[in-house]
file structure.cif (mmCIF, C-alpha atoms)
data_upload
loop_
_atom_site.label_atom_id
_atom_site.label_comp_id
_atom_site.auth_asym_id
_atom_site.auth_seq_id
_atom_site.Cartn_x
_atom_site.Cartn_y
_atom_site.Cartn_z
CA MET D 698 0.00 0.00 0.00
CA LYS D 699 1.40 3.35 -1.03
CA LYS D 700 2.17 5.75 1.82
CA GLN D 701 0.75 9.26 1.57
CA SER D 702 2.92 12.27 2.34
CA LEU D 703 2.31 13.85 5.75
CA LEU D 704 3.62 17.25 4.56
CA PRO D 705 0.19 18.90 3.91
CA VAL D 706 -1.07 17.74 7.32
CA THR D 707 2.08 19.05 9.00
CA PHE D 708 1.63 22.46 7.42
CA LEU D 709 -2.03 22.56 8.42
CA LEU D 710 -1.26 21.70 12.04
CA ALA D 711 1.49 24.31 12.16
CA PHE D 712 -0.86 26.93 10.73
CA LEU D 713 -3.56 26.17 13.29
CA LEU D 714 -1.05 26.16 16.13
CA LEU D 715 0.35 29.52 15.14
CA ASN D 716 -3.11 31.02 14.86
CA SER D 717 -4.18 29.73 18.27
CA SER D 718 -0.94 30.70 20.03
CA PHE D 719 -0.51 34.16 18.60
CA THR D 720 -3.99 35.59 18.54
CA PRO D 721 -3.52 39.37 18.28
CA ALA D 722 -4.11 41.11 21.57
CA SER D 723 -5.92 44.41 21.77
CA LYS D 724 -3.53 47.20 20.87
CA ASP D 725 -2.72 50.00 23.26
CA PRO D 726 -3.82 53.48 22.13
CA VAL D 727 -1.18 55.11 19.97
CA GLY D 728 0.17 58.47 21.08
CA GLU D 729 1.78 61.26 19.14
CA TYR D 730 5.42 62.21 18.87
CA TYR D 731 6.68 65.78 18.93
CA GLN D 732 9.72 67.53 17.58
CA LEU D 733 10.69 70.65 19.48
CA THR D 734 13.29 72.81 17.76
CA ILE D 735 14.77 75.87 19.44
CA TYR D 736 16.62 78.43 17.33
CA HIS D 737 19.09 80.42 19.42
CA CYS D 738 19.80 83.84 17.92
CA LYS D 739 22.22 86.52 19.05
CA THR D 740 20.95 89.47 17.03
CA ALA D 741 17.62 90.91 15.96
CA ASP D 742 18.68 90.41 12.33
CA GLN D 743 19.20 86.68 12.88
CA LEU D 744 15.82 86.45 14.56
CA ALA D 745 14.16 88.28 11.66
CA VAL D 746 15.77 86.09 8.99
CA THR D 747 14.86 82.83 10.74
CA SER D 748 11.35 84.01 11.52
CA ALA D 749 10.76 85.04 7.89
CA TYR D 750 11.91 81.61 6.71
CA LEU D 751 9.60 79.81 9.12
CA LYS D 752 6.65 81.99 8.16
CA SER D 753 7.03 82.11 4.39
CA THR D 754 8.83 78.87 3.52
CA TYR D 755 9.00 76.17 6.20
CA LEU D 756 5.48 76.21 7.67
CA PRO D 757 3.72 76.44 4.28
CA ALA D 758 5.77 73.43 3.14
CA LEU D 759 4.87 71.48 6.28
CA HIS D 760 1.19 72.30 5.84
CA LYS D 761 1.32 71.23 2.22
CA SER D 762 2.87 67.90 3.26
CA GLY D 763 -0.06 67.25 5.59
CA LEU D 764 1.43 68.31 8.92
CA ASN D 765 -0.79 70.63 10.97
CA ASN D 766 -1.15 72.14 14.45
CA ILE D 767 2.38 73.50 14.34
CA GLY D 768 3.23 75.95 17.08
CA VAL D 769 5.79 78.71 16.59
CA PHE D 770 6.70 80.83 19.61
CA THR D 771 9.11 83.53 20.73
CA SER D 772 10.46 84.09 24.22
CA VAL D 773 8.57 86.76 26.13
CA ASN D 774 11.81 88.68 26.72
CA ASN D 775 13.26 88.27 23.21
CA ASP D 776 13.70 92.03 22.68
CA THR D 777 16.12 92.41 25.58
CA ALA D 778 17.63 88.92 25.88
CA ALA D 779 21.15 88.10 24.75
CA ASP D 780 19.87 84.67 23.69
CA LYS D 781 16.85 85.37 21.50
CA ARG D 782 14.83 82.24 20.82
CA LEU D 783 12.29 80.82 18.41
CA TYR D 784 10.48 77.59 19.32
CA VAL D 785 8.88 75.30 16.74
CA LEU D 786 6.69 72.41 17.93
CA ILE D 787 5.58 69.83 15.33
CA PRO D 788 3.27 66.90 16.16
CA PHE D 789 3.58 63.55 14.35
CA ALA D 790 1.08 60.70 14.34
CA SER D 791 3.94 58.18 14.31
CA LEU D 792 7.72 57.85 14.13
CA GLN D 793 7.30 56.92 10.48
CA LYS D 794 5.77 60.35 9.82
CA TYR D 795 8.71 61.97 11.60
CA GLU D 796 11.20 59.92 9.57
CA ALA D 797 9.37 60.82 6.35
CA LEU D 798 9.81 64.53 7.11
CA MET D 799 13.51 64.09 7.87
CA ASN D 800 14.00 62.16 4.62
CA SER D 801 12.18 64.78 2.56
CA LEU D 802 14.30 67.54 4.10
CA THR D 803 17.50 65.63 3.38
CA ALA D 804 16.44 64.86 -0.19
CA GLY D 805 15.34 68.44 -0.79
CA SER D 806 11.90 67.31 -1.88
CA LEU D 807 9.97 69.20 0.81
CA ILE D 808 11.21 72.65 -0.11
CA LYS D 809 12.25 73.32 -3.69
CA ASN D 810 13.78 76.40 -5.31
CA ASP D 811 14.31 78.02 -1.92
CA THR D 812 15.74 81.51 -2.37
CA SER D 813 15.27 82.61 1.24
CA ALA D 814 17.99 84.55 3.06
CA TYR D 815 17.91 81.82 5.71
CA THR D 816 18.81 78.94 3.39
CA ASN D 817 21.27 80.89 1.29
CA ALA D 818 23.05 82.64 4.14
CA ALA D 819 26.85 82.78 3.92
CA HIS D 820 28.98 80.97 6.49
CA ASP D 821 29.82 84.25 8.19
CA LYS D 822 26.20 85.49 8.12
CA MET D 823 24.58 82.72 10.11
CA PRO D 824 20.78 82.99 10.58
CA PHE D 825 21.14 81.59 14.11
CA GLU D 826 23.88 80.78 16.60
CA ARG D 827 22.75 77.17 17.04
CA MET D 828 19.76 74.85 16.83
CA GLU D 829 18.60 72.61 19.65
CA THR D 830 16.22 69.74 18.89
CA ALA D 831 14.36 67.28 21.11
CA LEU D 832 12.17 64.33 20.16
CA LEU D 833 9.29 63.65 22.55
CA LYS D 834 6.56 61.04 23.07
CA ALA D 835 3.13 61.95 24.45
CA PHE D 836 2.09 60.79 27.91
CA LYS D 837 -0.44 57.96 28.03
CA ASP D 838 -2.95 60.21 29.86
CA MET D 839 -2.87 62.74 27.00
CA LEU D 840 -1.98 60.95 23.80
CA HIS D 841 -2.77 63.81 21.45
CA MET D 842 -1.99 67.51 21.34
CA LYS D 843 -4.83 69.91 22.12
CA LYS D 844 -5.13 73.35 20.61
CA PRO D 845 -5.80 75.76 23.48
CA SER D 846 -9.19 77.34 23.95
CA LEU D 847 -8.26 80.96 24.62
CA THR D 848 -10.05 84.23 23.91
CA ALA D 849 -7.24 86.79 24.10
CA PRO D 850 -5.42 88.00 20.96
CA LEU D 851 -2.30 86.00 20.06
CA THR D 852 -0.04 88.84 21.15
CA GLU D 853 -1.39 88.76 24.70
CA ARG D 854 -1.39 85.01 25.28
CA ILE D 855 1.12 83.34 27.57
CA TYR D 856 2.38 79.86 26.79
CA GLU D 857 4.34 78.23 29.58
CA LEU D 858 6.77 75.51 28.58
CA ARG D 859 8.18 73.50 31.49
CA SER D 860 11.10 71.09 31.53
CA TYR D 861 11.62 68.72 34.48
CA GLU D 862 14.88 66.80 34.72
CA GLY D 863 15.18 63.82 37.05
CA PRO D 864 18.13 63.12 39.36
CA THR D 865 18.14 59.44 38.29
CA GLU D 866 16.34 57.42 35.65
CA ARG D 867 14.28 55.64 38.32
CA LEU D 868 13.17 58.89 39.96
CA TYR D 869 12.46 60.42 36.58
CA ARG D 870 10.10 57.54 35.79
CA GLN D 871 8.38 58.14 39.10
CA LYS D 872 7.71 61.76 38.08
CA VAL D 873 6.22 60.55 34.79
CA LYS D 874 4.07 58.14 36.81
CA MET D 875 2.98 61.03 39.03
CA PHE D 876 1.62 62.87 36.00
CA ASN D 877 -0.24 59.83 34.70
CA ASP D 878 -1.21 57.30 37.37
CA GLY D 879 -0.76 59.83 40.17
CA GLY D 880 -3.38 62.16 38.70
CA GLU D 881 -1.36 65.29 37.95
CA VAL D 882 -2.56 65.49 34.35
CA THR D 883 -6.16 65.13 35.56
CA LEU D 884 -5.59 67.90 38.10
CA PHE D 885 -4.26 70.29 35.44
CA ASP D 886 -7.29 69.49 33.32
CA ARG D 887 -9.75 70.08 36.18
CA LEU D 888 -8.16 73.46 36.93
CA ASN D 889 -8.39 74.51 33.24
CA PHE D 890 -4.70 74.94 32.50
CA ASN D 891 -5.35 74.52 28.74
CA ALA D 892 -2.46 72.10 28.30
CA VAL D 893 -1.14 71.64 24.76
CA PHE D 894 0.90 68.50 25.48
CA TYR D 895 2.68 66.41 28.10
CA ALA D 896 5.57 64.27 26.91
CA GLU D 897 8.70 62.34 27.72
CA VAL D 898 11.89 63.50 26.05
CA LEU D 899 13.22 60.52 24.08
CA SER D 900 16.27 62.35 22.77
CA GLY D 901 17.59 65.78 23.63
CA SER D 902 20.31 67.79 25.32
CA HIS D 903 18.77 67.43 28.80
CA MET D 904 18.10 63.90 30.03
CA PRO D 905 16.25 62.24 31.69
CA ASN D 906 13.58 64.81 31.08
CA LEU D 907 9.89 65.45 30.57
CA MET D 908 8.26 68.55 29.13
CA TYR D 909 4.78 70.01 29.00
CA MET D 910 3.06 73.20 27.86
CA THR D 911 0.14 75.05 29.45
CA THR D 912 -1.54 78.20 28.10
CA PHE D 913 -3.29 81.29 29.43
CA ASN D 914 -4.94 84.45 28.14
CA ASN D 915 -2.42 86.60 30.01
CA MET D 916 0.16 86.49 32.80
CA ALA D 917 -2.33 87.46 35.52
CA GLU D 918 -4.52 84.50 34.58
CA ARG D 919 -1.45 82.26 34.63
CA ASP D 920 -0.49 83.40 38.14
CA GLU D 921 -4.04 82.80 39.41
CA HIS D 922 -4.10 79.28 37.98
CA TRP D 923 -0.83 78.34 39.65
CA LYS D 924 -2.03 79.81 42.94
CA ASN D 925 -5.09 77.55 42.76
CA PHE D 926 -2.90 74.60 41.82
CA GLY D 927 -0.60 75.05 44.81
CA SER D 928 -3.49 75.19 47.27
CA ASP D 929 -5.48 72.32 45.77
CA SER D 930 -6.05 69.41 48.15
CA VAL D 931 -5.25 66.82 45.46
CA TRP D 932 -1.88 68.43 44.74
CA LYS D 933 -1.06 68.61 48.45
CA ARG D 934 -1.87 64.92 48.79
CA ILE D 935 0.05 63.56 45.81
CA SER D 936 3.05 65.88 46.24
CA ALA D 937 3.51 64.55 49.79
CA MET D 938 3.42 60.87 48.77
CA PRO D 939 6.80 59.21 49.48
CA GLU D 940 7.07 57.62 46.02
CA TYR D 941 6.93 61.04 44.34
CA LEU D 942 9.39 62.91 46.55
CA ASN D 943 12.69 64.22 45.12
CA THR D 944 11.78 63.27 41.55
CA VAL D 945 12.85 66.59 39.96
CA SER D 946 16.45 67.77 40.13
CA LYS D 947 16.08 70.76 37.79
CA ALA D 948 13.00 72.63 36.61
CA ASP D 949 13.16 75.17 33.78
CA ILE D 950 10.25 77.47 32.96
CA PHE D 951 10.02 79.28 29.62
CA PHE D 952 7.38 81.96 28.99
CA LEU D 953 6.45 82.20 25.34
CA ASN D 954 4.25 84.22 22.99
CA PRO D 955 2.79 82.68 19.84
CA THR D 956 3.90 84.29 16.59
CA ASP D 957 1.30 85.75 14.25
CA PHE D 958 1.75 82.75 11.96
CA SER D 959 1.56 80.02 14.61
CA ASP D 960 -1.27 77.50 14.20
CA TYR D 961 -2.44 78.26 17.74
#

call {"tool": "encode", "arguments": {"input": "structure.cif", "output": "structure tokens"}}
result
Amino acid sequence: MKKQSLLPVTFLLAFLLLNSSFTPASKDPVGEYYQLTIYHCKTADQLAVTSAYLKSTYLPALHKSGLNNIGVFTSVNNDTAADKRLYVLIPFASLQKYEALMNSLTAGSLIKNDTSAYTNAAHDKMPFERMETALLKAFKDMLHMKKPSLTAPLTERIYELRSYEGPTERLYRQKVKMFNDGGEVTLFDRLNFNAVFYAEVLSGSHMPNLMYMTTFNNMAERDEHWKNFGSDSVWKRISAMPEYLNTVSKADIFFLNPTDFSDY
């Protein structure tokens, strides 16, 4: 009697086994990524050249490529500061979207026939002193950027960007946990801080680090919000919990104004 090959049966059993063993689990919600670029300028001319490029060339190209909700800000004290700054915050739905932008910039396919003073500046006429870039990932308790709901004109609004560095990686992760599981994000939301984003810094010049941005109609409103925050019973409770003590070694606060061409 002729023996039949067991190969088809073997393949069928393997297929069924794989399907039963590796049934796809429910996926976690996907959060955004952010690129924060800071242009450090020494002179008003540098600031003007870089600002003009962002307004007339870079942002229109980003919008055309499908990227939106791009924030462009200046430091509140830019007129008098020795280090004059421009901040550009770009949200990405995924790392692939971020990589696609980087590739298009490298290939020169995003911006073509660029005659701007920024791009064509001579080596001794730099449009900035240096660029600083950080890549961030949204917190799980706020996976997507929110455009602020403010009523004041753009020129009067105050955007507060905060950077919290941790003394160790373990303590840094505890501070991130405090925002999410500890309820700090929820507290900010309840007190109407109009947060734009909360995120971990994946790569940057200050590590380990988290950053977040809150917004207000004016500085007086900002001060009132923080006064309420400091006296809130929830904040007093969670800030006194042993697991969240000593989780920030350095806190930087940057007060910003949106430019007239910012998306919010």

call {"tool": "atom_distance", "arguments": {"input": "structure.cif", "atom1": "atom CA of D:Arg870", "atom2": "atom CA of D:His737"}}
result
29.5 Å

call {"tool": "resolve_selection", "arguments": {"input": "structure.cif", "expression": "the PyMOL selection byres ((chain D and resi 843) around 6)", "output": "list in words"}}
result
Met842, Lys844 and Val893 of chain D

call {"tool": "residues_around", "arguments": {"input": "structure.cif", "residues": "D:Thr771", "least_positions_apart": "2", "cutoff": "7 Å", "atoms": "all atoms listed in the file", "output": "JSON, numbers by chain"}}
result
{"D": [773, 775, 782, 783, 784, 953, 954, 955, 956]}

call {"tool": "atom_distance", "arguments": {"input": "structure.cif", "atom1": "atom CA of D:Ile767", "atom2": "atom CA of D:Glu826"}}
result
22.8 Å

call {"tool": "closest_residue", "arguments": {"input": "structure.cif", "among": "D:Tyr861, D:Tyr731, D:Trp932, D:Tyr856", "to": "D:Thr912", "atoms": "all atoms listed in the file"}}
result
D:Tyr856

call {"tool": "closest_atom_pairs", "arguments": {"input": "structure.cif", "of": "stretch 858-945 of chain D", "to": "stretch 832-837 of chain D", "cutoff": "6 Å", "atoms": "all atoms listed in the file", "output": "Markdown table"}}
result
| residue | atom | partner | partner_atom | distance |
| --- | --- | --- | --- | --- |
| D:Tyr895 | CA | D:Phe836 | CA | 5.7 |
| D:Ala896 | CA | D:Ala835 | CA | 4.2 |
| D:Glu897 | CA | D:Lys834 | CA | 5.3 |
| D:Val898 | CA | D:Leu833 | CA | 4.4 |
| D:Leu899 | CA | D:Leu833 | CA | 5.3 |
| D:Ser900 | CA | D:Leu832 | CA | 5.2 |

call {"tool": "closest_atom_pairs", "arguments": {"input": "structure.cif", "of": "stretch 714-807 of chain D", "to": "stretch 819-824 of chain D", "cutoff": "8 Å", "atoms": "all atoms listed in the file", "output": "tab-separated table"}}
result
residue	atom	partner	partner_atom	distance
D:Cys738	CA	D:Pro824	CA	7.5
D:Asp742	CA	D:Pro824	CA	7.9
D:Gln743	CA	D:Pro824	CA	4.6
D:Leu744	CA	D:Pro824	CA	7.2
D:Val746	CA	D:Pro824	CA	6.1
D:Thr747	CA	D:Pro824	CA	5.9

call {"tool": "axis_aligned_box", "arguments": {"input": "structure.cif", "around": "stretch 894-910 of chain D", "padding_each_side": "3 Å", "output": "AutoDock Vina command-line options"}}
result
--center_x 10.6 --center_y 66.9 --center_z 27.2 --size_x 25.4 --size_y 18.7 --size_z 14.9

call {"tool": "atom_distance", "arguments": {"input": "structure.cif", "atom1": "atom CA of D:Glu853", "atom2": "atom CA of D:Phe770"}}
result
12.4 Å

call {"tool": "decode", "arguments": {"input": "structure.cif", "residues": "stretch 819-909 of chain D", "atoms": "C-alpha atoms", "output": "CSV table (one decimal), in the first residue's frame"}}
result
chain,number,residue,atom,x,y,z
D,819,ALA,CA,26.8,82.8,3.9
D,820,HIS,CA,29.0,81.0,6.5
D,821,ASP,CA,29.8,84.3,8.2
D,822,LYS,CA,26.2,85.5,8.1
D,823,MET,CA,24.6,82.7,10.1
D,824,PRO,CA,20.8,83.0,10.6
D,825,PHE,CA,21.1,81.6,14.1
D,826,GLU,CA,23.9,80.8,16.6
D,827,ARG,CA,22.8,77.2,17.0
D,828,MET,CA,19.8,74.9,16.8
D,829,GLU,CA,18.6,72.6,19.6
D,830,THR,CA,16.2,69.7,18.9
D,831,ALA,CA,14.4,67.3,21.1
D,832,LEU,CA,12.2,64.3,20.2
D,833,LEU,CA,9.3,63.7,22.6
D,834,LYS,CA,6.6,61.0,23.1
D,835,ALA,CA,3.1,62.0,24.4
D,836,PHE,CA,2.1,60.8,27.9
D,837,LYS,CA,-0.4,58.0,28.0
D,838,ASP,CA,-2.9,60.2,29.9
D,839,MET,CA,-2.9,62.7,27.0
D,840,LEU,CA,-2.0,60.9,23.8
D,841,HIS,CA,-2.8,63.8,21.4
D,842,MET,CA,-2.0,67.5,21.3
D,843,LYS,CA,-4.8,69.9,22.1
D,844,LYS,CA,-5.1,73.3,20.6
D,845,PRO,CA,-5.8,75.8,23.5
D,846,SER,CA,-9.2,77.3,24.0
D,847,LEU,CA,-8.3,81.0,24.6
D,848,THR,CA,-10.1,84.2,23.9
D,849,ALA,CA,-7.2,86.8,24.1
D,850,PRO,CA,-5.4,88.0,21.0
D,851,LEU,CA,-2.3,86.0,20.1
D,852,THR,CA,0.0,88.8,21.1
D,853,GLU,CA,-1.4,88.8,24.7
D,854,ARG,CA,-1.4,85.0,25.3
D,855,ILE,CA,1.1,83.3,27.6
D,856,TYR,CA,2.4,79.9,26.8
D,857,GLU,CA,4.3,78.2,29.6
D,858,LEU,CA,6.8,75.5,28.6
D,859,ARG,CA,8.2,73.5,31.5
D,860,SER,CA,11.1,71.1,31.5
D,861,TYR,CA,11.6,68.7,34.5
D,862,GLU,CA,14.9,66.8,34.7
D,863,GLY,CA,15.2,63.8,37.0
D,864,PRO,CA,18.1,63.1,39.4
D,865,THR,CA,18.1,59.4,38.3
D,866,GLU,CA,16.3,57.4,35.6
D,867,ARG,CA,14.3,55.6,38.3
D,868,LEU,CA,13.2,58.9,40.0
D,869,TYR,CA,12.5,60.4,36.6
D,870,ARG,CA,10.1,57.5,35.8
D,871,GLN,CA,8.4,58.1,39.1
D,872,LYS,CA,7.7,61.8,38.1
D,873,VAL,CA,6.2,60.6,34.8
D,874,LYS,CA,4.1,58.1,36.8
D,875,MET,CA,3.0,61.0,39.0
D,876,PHE,CA,1.6,62.9,36.0
D,877,ASN,CA,-0.2,59.8,34.7
D,878,ASP,CA,-1.2,57.3,37.4
D,879,GLY,CA,-0.8,59.8,40.2
D,880,GLY,CA,-3.4,62.2,38.7
D,881,GLU,CA,-1.4,65.3,38.0
D,882,VAL,CA,-2.6,65.5,34.3
D,883,THR,CA,-6.2,65.1,35.6
D,884,LEU,CA,-5.6,67.9,38.1
D,885,PHE,CA,-4.3,70.3,35.4
D,886,ASP,CA,-7.3,69.5,33.3
D,887,ARG,CA,-9.7,70.1,36.2
D,888,LEU,CA,-8.2,73.5,36.9
D,889,ASN,CA,-8.4,74.5,33.2
D,890,PHE,CA,-4.7,74.9,32.5
D,891,ASN,CA,-5.3,74.5,28.7
D,892,ALA,CA,-2.5,72.1,28.3
D,893,VAL,CA,-1.1,71.6,24.8
D,894,PHE,CA,0.9,68.5,25.5
D,895,TYR,CA,2.7,66.4,28.1
D,896,ALA,CA,5.6,64.3,26.9
D,897,GLU,CA,8.7,62.3,27.7
D,898,VAL,CA,11.9,63.5,26.1
D,899,LEU,CA,13.2,60.5,24.1
D,900,SER,CA,16.3,62.3,22.8
D,901,GLY,CA,17.6,65.8,23.6
D,902,SER,CA,20.3,67.8,25.3
D,903,HIS,CA,18.8,67.4,28.8
D,904,MET,CA,18.1,63.9,30.0
D,905,PRO,CA,16.2,62.2,31.7
D,906,ASN,CA,13.6,64.8,31.1
D,907,LEU,CA,9.9,65.5,30.6
D,908,MET,CA,8.3,68.5,29.1
D,909,TYR,CA,4.8,70.0,29.0
